[in-house]
Amino acid sequence: MKPIVSAAIAAIGLSACSAPGATARFETAPRLVAPGAVGTAQFLFGSGGDIEMIAAIGNRGRSRLDALTSRDGGDTFRDLGPITESGTDIDAQGENAPRFAMDREEVLYALWRQDVPSQQILLAVHDWRTGKYSKPIPVRDANARGLAGFADLGVGTGGTAYVVWLDERDQKRSGDSSSVYFARLGGGRFSRNVRIASSACSCCRPAVAVADDGTIYVAWRHDDHDLRDIALATSHDGGRSFSPMGFVARDGWRLHGCPESGPSLLAAGRRLYVAWYTQGTEARSRIRLSYTDDDGKTFAAPVDVSQATLDANHPHLVAMKPSGVAVTFEARDPHEGNGWSALVPYLVEIGGAGAVSAPVALAAPKTADAIYPYAVARDANSLFVSYALGDQAVVVRGRV
């Protein structure tokens, strides 16, 4: 199925460099999340402004998942202890890193892949009455076999959570593509797993987003004889069924291998934003952005939001407050080191009419690459971004 760009959407369009530079200004140096924290920490803001966080803590070659909190606006973080059970080991890096979400009732959900003692995708739910997380709940069907991981998390209302992941239970031979699977949490347990699509890129995390009206969107990198385009499916019945697969764009990028970079989704009212990494037919790494106002039937013409930056990768969409959208990604400064500077996080703001700002670099010491940025807006005046700096999890605060 080819992506369709309607005249109405194309007229609104997305245009690079047609807005002023991003207005956020960040601290000159990031701060460590916690001793031993690795990868990119995930965090959220409660209604009172307190920060709730999960972070992988390395311990003698193994990692556990801890809950952390800050009551002073991110000046300090207090480790509340492990969410994962004793004797287990989680995957803490890159596309397989844990995920964190909060619903409208401010219930917290933590999702991760456990590797030891056995592989499983697990979710824990925070109980504010006890201040603790539940016993981990398995996501996959009990009889499922084969590798699974690269999971993403979305939340609805009334204690519902939605998980998508890559699963190899359907593979007939080694080297086949993965399938995209979905499960819904309700009543303290997960539903029977639903296969959304096959032929998914095997190391690119799929993404899930939930709109205010309950529409569920799932995106993934499709693998069609090494073509690596981004696909999308929607559900209007709580994930019991999904629409046929459609494509966000046709980049024409052919790669005999896995780029290890999945899409990012953000539902804002009736609009769904999609950001992704591609090299296209030009063999040039960049971050593209598009949106749909009609559940994926048509998409705006994509724009390259990474613009002149080099080696851009790993986009993350963030909702700004009180309204607006931004995207973070990692890239190299084309003006430093003959284009071979360390990777640093960048921020691009997207205007309501689709105008895209110039990329602004965030603080990052240039002694190590800063990768997998993740951003959350606390209020209309502040934006927090976490990322992996070498083998450390750090966070930097910005004023808008």
# chains A, B, ... in the order shown; residues from 1 in each chain; ligands from 1
$ select_by_dssp --residues "segment 65-181 of chain A" --states "strand (DSSP E)" --output "ChimeraX atom specification"
/A:65-70,78-82,89-90,99-102,108-116,120-127,132-133,137-138,148-155,161-167,178-181
$ residues_around --residues "segment 28-33 of chain A" --least-positions-apart "5" --cutoff "7 Å" --atoms "only C-alpha atoms" --output "NGL selection string"
:A and (77 or 363-364 or 393-396)
$ write_last_selection --atoms "C-alpha atoms" --output "CSV table (one decimal), in the first residue's frame"
chain,number,residue,atom,x,y,z
A,77,PHE,CA,17.3,12.0,42.8
A,363,ALA,CA,24.6,20.2,26.7
A,364,ALA,CA,26.8,17.1,26.5
A,393,ALA,CA,22.5,7.8,32.5
A,394,VAL,CA,22.3,11.6,32.7
A,395,VAL,CA,19.6,14.3,32.6
A,396,VAL,CA,19.8,18.0,31.5
$ atom_distance --atom1 "atom CA of Pro117 of chain A" --atom2 "atom CA of Thr84 of chain A"
12.1 Å
$ closest_residue --among "A:Gln307, A:Asn143, A:Ser357, A:Thr23" --to "Ala331 of chain A" --atoms "only C-alpha atoms"
A:Gln307
$ residues_around --residues "segment 179-187 of chain A" --least-positions-apart "6" --cutoff "8 Å" --atoms "only C-alpha atoms" --output "list in words"
Val139, Arg140, Gly159, Thr160, Ala161, Tyr162, Val163, Val164, Trp165, Leu166, Asp167, Glu168, Asp170, Asn193, Val194, Arg195, Ile196, Ala197, Ser198, Ser199, Ala200, Pro206, Trp220, Gly238 and Gly239 of chain A
$ residues_around --residues "Leu108 of chain A" --least-positions-apart "2" --cutoff "10 Å" --atoms "only C-alpha atoms" --output "ChimeraX atom specification"
/A:44,46,52-53,100-106,110,124-128,133,155,159
$ closest_atom_pairs --of "segment 82-139 of chain A" --to "segment 255-264 of chain A" --cutoff "12 Å" --atoms "only C-alpha atoms" --output "Markdown table"
| residue | atom | partner | partner_atom | distance |
| --- | --- | --- | --- | --- |
| A:Gln93 | CA | A:Glu260 | CA | 11.6 |
| A:Gly94 | CA | A:Glu260 | CA | 8.3 |
| A:Glu95 | CA | A:Glu260 | CA | 6.7 |
| A:Asn96 | CA | A:Glu260 | CA | 9.7 |
$ write_last_selection --atoms "N, CA and C atoms" --output "PDB file, in the first residue's frame"
ATOM      1  N   GLN A  93      19.982  -1.517  27.395  1.00  0.00           N
ATOM      2  CA  GLN A  93      20.637  -0.656  26.422  1.00  0.00           C
ATOM      3  C   GLN A  93      19.824  -0.498  25.137  1.00  0.00           C
ATOM      4  N   GLY A  94      19.967   0.669  24.524  1.00  0.00           N
ATOM      5  CA  GLY A  94      19.515   0.900  23.161  1.00  0.00           C
ATOM      6  C   GLY A  94      18.045   0.631  22.928  1.00  0.00           C
ATOM      7  N   GLU A  95      17.748  -0.037  21.825  1.00  0.00           N
ATOM      8  CA  GLU A  95      16.374  -0.281  21.417  1.00  0.00           C
ATOM      9  C   GLU A  95      15.611  -1.165  22.402  1.00  0.00           C
ATOM     10  N   ASN A  96      16.324  -1.910  23.233  1.00  0.00           N
ATOM     11  CA  ASN A  96      15.670  -2.825  24.173  1.00  0.00           C
ATOM     12  C   ASN A  96      15.516  -2.227  25.566  1.00  0.00           C
TER      13      ASN A  96
END
$ residues_around --residues "Ala37 of chain A" --least-positions-apart "5" --cutoff "12 Å" --atoms "only C-alpha atoms" --output "ChimeraX atom specification"
/A:31-32,42,53-59,62-68,77,79,92-93,386-395
$ atom_distance --atom1 "atom CA of Ala375 of chain A" --atom2 "atom CA of Val218 of chain A"
20.3 Å
$ closest_residue --among "A:Pro138, A:Gly39, A:Gly269, A:Pro345" --to "Thr292 of chain A" --atoms "only C-alpha atoms"
A:Gly269
$ closest_residue --among "A:Ser243, A:Tyr109, A:Asp333, A:Gly81" --to "Phe43 of chain A" --atoms "only C-alpha atoms"
A:Tyr109
